[in-house]
Each structure stands twice: as structure tokens, then as C-alpha cells.
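Engineer: Here you go, one structure.
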Amino acid sequence: MPVSTRRALGAVVAALGIVFVALGAWMVVILGPSGEAQFSATSKALGAVVIPPGVLNAVDVPVQITATRPDGGPVSIVTAPSNDARAILANSAVTTASAVHFPDGTLDLHASGAGALTDLSSSDIWRLAAKSPGSAHLMVDQSKAPETAVVTSGDATDLGDVTVTLTWANRGWFFEALAAATIGAVLAVFAVNDLWQGRALAVRSDVGETKTSEATV
Amino acid sequence: MTPQDLISKAAAALRLSRQERQDLFTKAAEALRLTRQDRQDLTTKAAGVLRLRREDLIRIVHVLIVVVVGVCVFAVIASVPGWGATHALLGIHEAPNAGTTSAPLTVDQAKNILNRDFAASYLGQTTSGSASEAALRTAYTDQGLRGADGRVKLASVQPAASTSPLLVPHPQLLAVSRGFGYPRFIVAQTVTTDGSLPILHLLVSPDVATPYRINMSVEMVPPATVKPFDVLPSGSPLVTSGTGLAVAPDTLLNLYAAQMAFPAKAASKSPFVADSFSDQVRAGAAAASSAVASQATFTQSHTVAPNSVYAVRQADGDALVFGVLVRTDSFAVKSDQNVSTAANKAFVLLTGKKVITKSASITTLEFVIFAVPHSGGQSTLVAAREQVVAGSGS
């Protein structure tokens, strides 16, 4: 392999290694040993808060939903097949979590609709449910995806101020990030070392050629 | 473009004379050479200041460039959401599409619904007043509610609640609907411990906001059996037309209703096997007609209750068809006759009349379930039950 090609390849590998180290270390710090990523937002709009499958089923690990209202009133979290949830909320005012931002830990919320909330408690579409005063927690597995989670007061009363937090926990992410950082470090060290040695060899080679040329003359 | 070309173009733009342009070209070329020389000197001087060899300094600068490039790439990857690097690390992906061949209910959900409705049914039949009415409305729907109301009203003259087909533990879940359309259903079976006949239950949810409620609970007719349905996680399809069956469900029930009329009417070839239930109904009608022959004219009609027919496909392609017939017993009292109804306690309880002089009618619901083959052959009555629900007289 020509020296110039080898050096270019070494530079690319070194840069990649550094990227891996930076990304891996960054993820390790952000996720922590428990491998938790949290996303939170507060809805002030009246109505229900909806977490559609695009957010709820965006990962393959269980998602813990926590909903808290500061006035201590009842909070209900339910999940249903997305088709059913969409149908029962079709004419209701809802605030939808449309995206998560990592590592910012935020949720995008968009309010839509203006109709009164249907009393969701009588319907049989809900697979999982949790209700509690002040704050409710619900762990949603991914076995029945796509599903939609709905946060309400538990009846037809509108929620006006509720903070919703999604927690994704996967210890594997921590170890994957650690592995990426380690592999990146190894790559970077070997590539930089090769670059260093290669440059020295190239310089020595140049010097040798120059001396030979002078002797010929 | 070479530096010389660039200088020539700049000179042209500035409208310089040929001599001026030549001078400028020469000076610029010298300046470029000086700059290159100066750069080499600067590198050598910097290396001297840092007490390094010139080649080592160049190596260090190259490594630093690689590091800076790596950090910049990392920053771009981490800060541009559209590139999805962080999403890929967490395994974030598009949500899967909804399947059309799965059940909208889990087994646990279906069992909870059964237990809830059966408990409400029990309360409805063992309490009284508004509590009973509320419980029955929680448990039943449509003709099932009408039948349960009639049963409660006539509890004093009909079998007690302890023999109700609903007072049985541990319902066995047989089938749930497939897909996300409506209406949705649950089919269950209960078997009492006292050796009574097994009971088939049909629960229906008509729309997304309405819970499942009991549409009918019907005792099986010996020696009938129910063929298996598809596995619960995939659900069983609702048959919405007669396609793929020996006879369409609506047609079957209309023919069955017609052949039980009294006086009997000429009927075409039956798509169903003769059964003990219709035999008993016809025999009862004949007996009632004979008993009142001197005082009244008796007729009996059967019609299929609107929106009461449900057909559920079974694993082998056959279907279980549920339906409700409304039977009307009519008495036209002959002139100058007074008919005592005291012997018919249900009629007295429903109408408050012990004597009729003009006419009377009794409405009875007939809950029937048929096994319908997917190809040729006759349908078989699997379960049947009747419940008096209303009466009138004058």
C-alpha cells in the first residue's frame, strides 16, 4: 500500500475512533449505569394528553409513563390500540406528544381539537390503566404495539396542567455506549500511532534518498 | 485557475496597461514566493521555540487536525437530529403498523370483561329496585337486556335466580373478535357444577365508546357441541354476509322463524336439521290453541329481531350463528266470551289482568344459536332458550 494511501486511511480511522470515543463517553455520561433516558413536558392546554405510537412504541423497551398534576387531583393513564384511541378521541381537545428530543430530554407537545372530552372510563378498549391522586405511573410494554397512551383526569373533566414524563430504561444502552467508547479509543490510539510512525519512516526515507542523490553527483 | 490567471483577470478588471500589468504580475509572483519561504521559516522557527524538530511539529499539527475533524464530526452527528445517530444508538425506530389479523383484546382483558358483566348480572338478579336496574344495564344490552328484565320481573313465577344461567363460576373464553372494526364480540361458555346444561354467552360492543355487554346467554341443546375457534390472540372473524357458508345467517333465521308459525305455513326445504326446541314450541302452540279453542282464536308468529344476528367464523370455516326471534302469541277472544288468565301467572304479573274479553298477546324472546357448515349440509341448532318479556290484554 502506498505511504500516502496508508496515511490517509490512518487519518480516517483515527477520526472515526475519536468520534466513537466522544459519542460513547457522551452517552455513558447521559444515560448513566441504569441506561435511562427521560423526556418530559408540561401541558397547560385543556383536554387529554396523548402519547401516540410514534413516541410510545419508538423503542423496543418498556416505557414508563408518569403524569403529575400540581393540584393533587386524580390522574389516569390508559393505553389502547392506536386505532381505538384515535377513534374515541376524534372529537376531543387533546395535546399530542409528537416527538422526543435526546439528549435534551424534552417532548414536543401540540394542542389540537376543541371538543369536550369523552368519558373514557366506560370503554373496554384500554389494555393497561393506572389511576391515582396527584401522580400516576404506568409501565407500558411493547407487546401490543402500536398503542396510544392517554392521560386524563379519569373522567370527562379536562386536565389543565399536567407534566408527563416518559422513561426509557435499558442497561444494555450503557454497556453499548461503553463498548463504543472503548473500541473508538483503541482505534484512535492505533491509528494515531501508525500515523506517527509512518510519518517518521517517510521522513527517514526522504533523507536517505537525498543522500544517495548527492553521492551520485 | 492559477494565481497568474487570477492576477491577469484582476488587472484586466482594473484596466491596467500592459507594462503595469507585467509589473503587477512580477511583484505578485515574488510576493507568493516570499510568502512560501516565510511559511517554511515560520514552521522552523515555531519548532525551534517549542524545542521540537520541524518534522515532529508537523506530525503534531496533523494529529491535532485529525482530532479536531473527529470532534467536529461528533458535534455535527450529535446536534443534528435528522442524522439520527443518537436515535440509532437508542434504537429509536418507526412504530409498527397495526395488524389486521389480531384480536383487539388480550385474554386478560376479555376475562375481566366477562367477570365484570357476570358479576353485574348476578347483582341485577339478586337485588331489587334501582340497584337491580342499574346492574342489569351494566351487564346486558339489546335483546339480552330485554330478556333479563323479563326474567327479573317474572322471578316469582319462573325459576329462581339460583338457577339462572349466569350464576356459574369460571367462564371459559371461546372466541374474541378479530381486527379493529365494530361491532366486536366475545363468545364464552359456562358449565355449572350441578350437572346442568352448558351455557353459551355472546357479549357485544357496538362501538368504541360502549363496553361489552351480554347479548345473550343460551343453554346448549344436547348433544350439541361447539367446534373450536381460531386461537384467541388472532381472534375470530365476524361473518358479515353468507359468503363461504351453506346458508346465509339471516336467511337461516328467517326460515327457522317461518317454520315455527302457528297455524303452520307451507315451507320450502329446510336448511336446518329438526330440533327439539322448535318441536316443543310448535307443540305448545297447538296445545294453547286447543285449550282456548272454545273461547278464543290463537295464532303465533315468529320474527327475527332487528340487528340481532351475529355469525362468528370457526377454525374449520364453519360458523356459529347467534340470533333472537320475537314470538308473539295472540288471542282473539270470541264475542260474548270472558277468558280467565289466572292460570297464566306470567301474563297476570305482566299485565295485571286476570280476565280478558277482547284480545291478548304475549311476547317471548327466543334466543337461538346454530352451527352452520361452510359447504353443503344442514345447519344444527346448538343452543336455545326462551323468555317471556311482555304481555297485553283487554
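Every chain in the C-alpha cells has a letter given in the order shown (A, B, ...), and although residue numbers restart at 1 in each chain, ligands are simply numbered from 1 in the order shown.
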Would you return as a PyMOL selection string the members of range 120-227 of chain B that DSSP assigns to helix (DSSP H, G or I) on this structure's backbone?
Structural biologist: chain B and resi 120-126+129-139+142-153+161-163
Engineer: Hey, which bits of chain A sit within 6 Å of chain B, and for each residue what's the closest pair of atoms and how far apart in Å (one decimal), counting only C-alpha atoms, rows by chain and increasing number, as CSV?
Structural biologist:
```
residue,atom,partner,partner_atom,distance
A:Ala15,CA,B:Gly70,CA,4.4
A:Ile18,CA,B:Gly70,CA,5.5
A:Val19,CA,B:Phe74,CA,5.2
A:Pro53,CA,B:Ala95,CA,5.7
A:Gly54,CA,B:Ala95,CA,5.1
A:Asn57,CA,B:Ala95,CA,5.2
A:Ala58,CA,B:His93,CA,5.0
A:Val59,CA,B:Ile92,CA,4.9
A:Ser123,CA,B:Ala209,CA,4.9
A:Asp124,CA,B:Pro211,CA,5.1
A:Pro146,CA,B:Pro96,CA,5.8
```
Engineer: Mind writing the picked residues with C-alpha atoms as a short mmCIF file (atom, residue, chain, number, x, y, z; two decimals), in the first residue's frame?
Structural biologist:
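And here is the file that came out, part-v5.cif:
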```
data_model
loop_
_atom_site.label_atom_id
_atom_site.label_comp_id
_atom_site.auth_asym_id
_atom_site.auth_seq_id
_atom_site.Cartn_x
_atom_site.Cartn_y
_atom_site.Cartn_z
CA ALA A 15 -11.06 10.43 13.18
CA ILE A 18 -12.29 9.81 18.10
CA VAL A 19 -15.94 10.11 17.04
CA PRO A 53 -47.32 5.10 18.91
CA GLY A 54 -44.66 7.17 17.13
CA ASN A 57 -43.53 2.47 20.51
CA ALA A 58 -40.38 4.14 19.17
CA VAL A 59 -38.14 1.81 21.16
CA SER A 123 -64.86 1.96 27.23
CA ASP A 124 -63.34 -1.52 27.08
CA PRO A 146 -48.88 0.11 18.06
#
```
Engineer: Excluding Ala119 in chain B and its own-chain neighbours fewer than 2 positions away, which residues fall within 9 Å of it when counting only C-alpha atoms? Please give them as a PyMOL selection string.
Structural biologist: chain B and resi 114-117+121-124+135+139+166-167
Engineer: Set the distance at 9 Å and use only C-alpha atoms: which residues neighbour range 221-236 of chain B once local chain neighbours fewer than 6 positions away are removed? I'd like the list as a ChimeraX atom specification.
Structural biologist: /B:101-107,173-179,197-198,275-277,312-316,318-320,371,380-384
Engineer: DSSP says strand (DSSP E or B) for which residues of range 103-180 of chain A? Put them as JSON, numbers by chain?
Structural biologist: {"A": [106, 107, 108, 109, 110, 111, 112, 128, 129, 130, 131, 132, 133, 135, 136, 137, 138, 139, 140, 147, 148, 149, 150, 151, 152, 159, 162, 163, 164, 165, 166, 167, 168, 169]}
Engineer: Which residues of range 57-144 of chain B sit at most 10 Å from range 287-308 of chain B, using only C-alpha atoms? Give each one's shortest atom pair and distance in Å (one decimal place), in chain and ascending residue order, as a Markdown table.
Structural biologist:
```
| residue | atom | partner | partner_atom | distance |
| --- | --- | --- | --- | --- |
| B:Asp142 | CA | B:Ser308 | CA | 8.1 |
| B:Gln143 | CA | B:Ser308 | CA | 7.6 |
| B:Gly144 | CA | B:Ser308 | CA | 9.8 |
```
Engineer: A:Thr163, A:Asn170, A:Ser76, A:Thr95: which is nearest Pro133 in chain A, counting only C-alpha atoms?
Structural biologist: A:Ser76
Engineer: Just the number, please: distance in Å from CA of Leu23 in chain A to CA of Ala191 in chain A, one decimal.
Structural biologist: 18.0 Å
Engineer: Compile the contact shell of Asp119 in chain A as an MDAnalysis selection string: residues with an atom at most 8 Å away, counting only C-alpha atoms, same-chain residues fewer than 3 positions apart removed.
Structural biologist: chainID A and resid 122 154:156
Engineer: With N, CA and C atoms kept, could you save the residues just selected as a PDB file, in the first residue's frame?
Structural biologist:
```
ATOM      1  N   SER A 122     -65.607   4.273  30.626  1.00  0.00           N
ATOM      2  CA  SER A 122     -66.577   3.199  30.377  1.00  0.00           C
ATOM      3  C   SER A 122     -66.172   2.294  29.222  1.00  0.00           C
ATOM      4  N   GLY A 154     -59.390  10.929  34.473  1.00  0.00           N
ATOM      5  CA  GLY A 154     -60.096   9.700  34.822  1.00  0.00           C
ATOM      6  C   GLY A 154     -61.566   9.748  34.492  1.00  0.00           C
ATOM      7  N   ASP A 155     -62.073  10.923  34.163  1.00  0.00           N
ATOM      8  CA  ASP A 155     -63.469  11.035  33.727  1.00  0.00           C
ATOM      9  C   ASP A 155     -63.510  12.066  32.590  1.00  0.00           C
ATOM     10  N   ALA A 156     -64.631  12.728  32.425  1.00  0.00           N
ATOM     11  CA  ALA A 156     -64.744  13.673  31.311  1.00  0.00           C
ATOM     12  C   ALA A 156     -64.235  15.070  31.667  1.00  0.00           C
TER      13      ALA A 156
END
```
Engineer: Give me the residues of range 301-382 of chain B that have any atom at most 12 Å from an atom of range 145-152 of chain B; for each, the nearest atom pair and the distance in Å, rounded to one decimal. Use only C-alpha atoms, sort by chain and number, and format it as a Markdown table.
Structural biologist:
```
| residue | atom | partner | partner_atom | distance |
| --- | --- | --- | --- | --- |
| B:Ala305 | CA | B:Arg146 | CA | 11.7 |
| B:Val324 | CA | B:Gly147 | CA | 10.4 |
| B:Leu325 | CA | B:Gly147 | CA | 11.7 |
| B:Val326 | CA | B:Gly147 | CA | 10.9 |
| B:Ala346 | CA | B:Gly150 | CA | 9.7 |
| B:Phe347 | CA | B:Gly150 | CA | 11.4 |
| B:Leu349 | CA | B:Gly150 | CA | 10.5 |
| B:Leu350 | CA | B:Gly150 | CA | 8.9 |
| B:Ile362 | CA | B:Gly150 | CA | 11.8 |
| B:Thr363 | CA | B:Gly150 | CA | 10.2 |
| B:Thr364 | CA | B:Gly147 | CA | 8.6 |
| B:Leu365 | CA | B:Gly147 | CA | 6.8 |
| B:Glu366 | CA | B:Gly147 | CA | 9.3 |
| B:Phe367 | CA | B:Gly147 | CA | 9.3 |
```
Engineer: So which residues touch Ala90 in chain A within 9 Å, counting only C-alpha atoms, skipping near sequence neighbours fewer than 5 positions away, as a list of chain:residue names?
Structural biologist: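 Counting only C-alpha atoms, the residues come to A:Ala85, A:Gly113, A:Gly115.
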Engineer: For the residues in that selection, give me N, CA, C and O atoms as a compact mmCIF listing (two decimals), in the first residue's frame.
Structural biologist:
```
# COMPACT_ATOMS: atom_id res chain seq x y z
N ALA A 85 -57.89 4.33 20.20
CA ALA A 85 -57.66 5.58 20.93
C ALA A 85 -57.95 6.78 20.04
O ALA A 85 -58.57 7.77 20.47
N GLY A 113 -57.86 20.14 18.28
CA GLY A 113 -59.24 19.82 18.61
C GLY A 113 -59.81 20.77 19.64
O GLY A 113 -59.08 21.49 20.33
N GLY A 115 -63.29 19.87 21.02
CA GLY A 115 -64.49 19.27 21.58
C GLY A 115 -64.31 18.84 23.02
O GLY A 115 -63.20 18.72 23.53
```
Engineer: In terms of the shortest atom-to-atom distance over only C-alpha atoms, which of B:Val204, B:Ala188, B:Ala343, B:Leu64 is closest to Leu238 in chain B?
Structural biologist: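 Closest to Leu238 in chain B of all the choices is B:Val204.
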Engineer: Out of A:Val63, A:Leu16, A:Val28, A:Leu9, which residue has the shortest atom-to-atom distance to Ala145 in chain A when counting only C-alpha atoms?
Structural biologist: A:Val63
Engineer: Quick one: pull the distance between CA of Asp329 in chain B and CA of Phe272 in chain B, Å, one decimal.
Structural biologist: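 The value is 23.9 Å.
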Engineer: To one decimal place, how far is CA of Leu138 in chain A from CA of Gly32 in chain A in Å?
Structural biologist: 22.3 Å
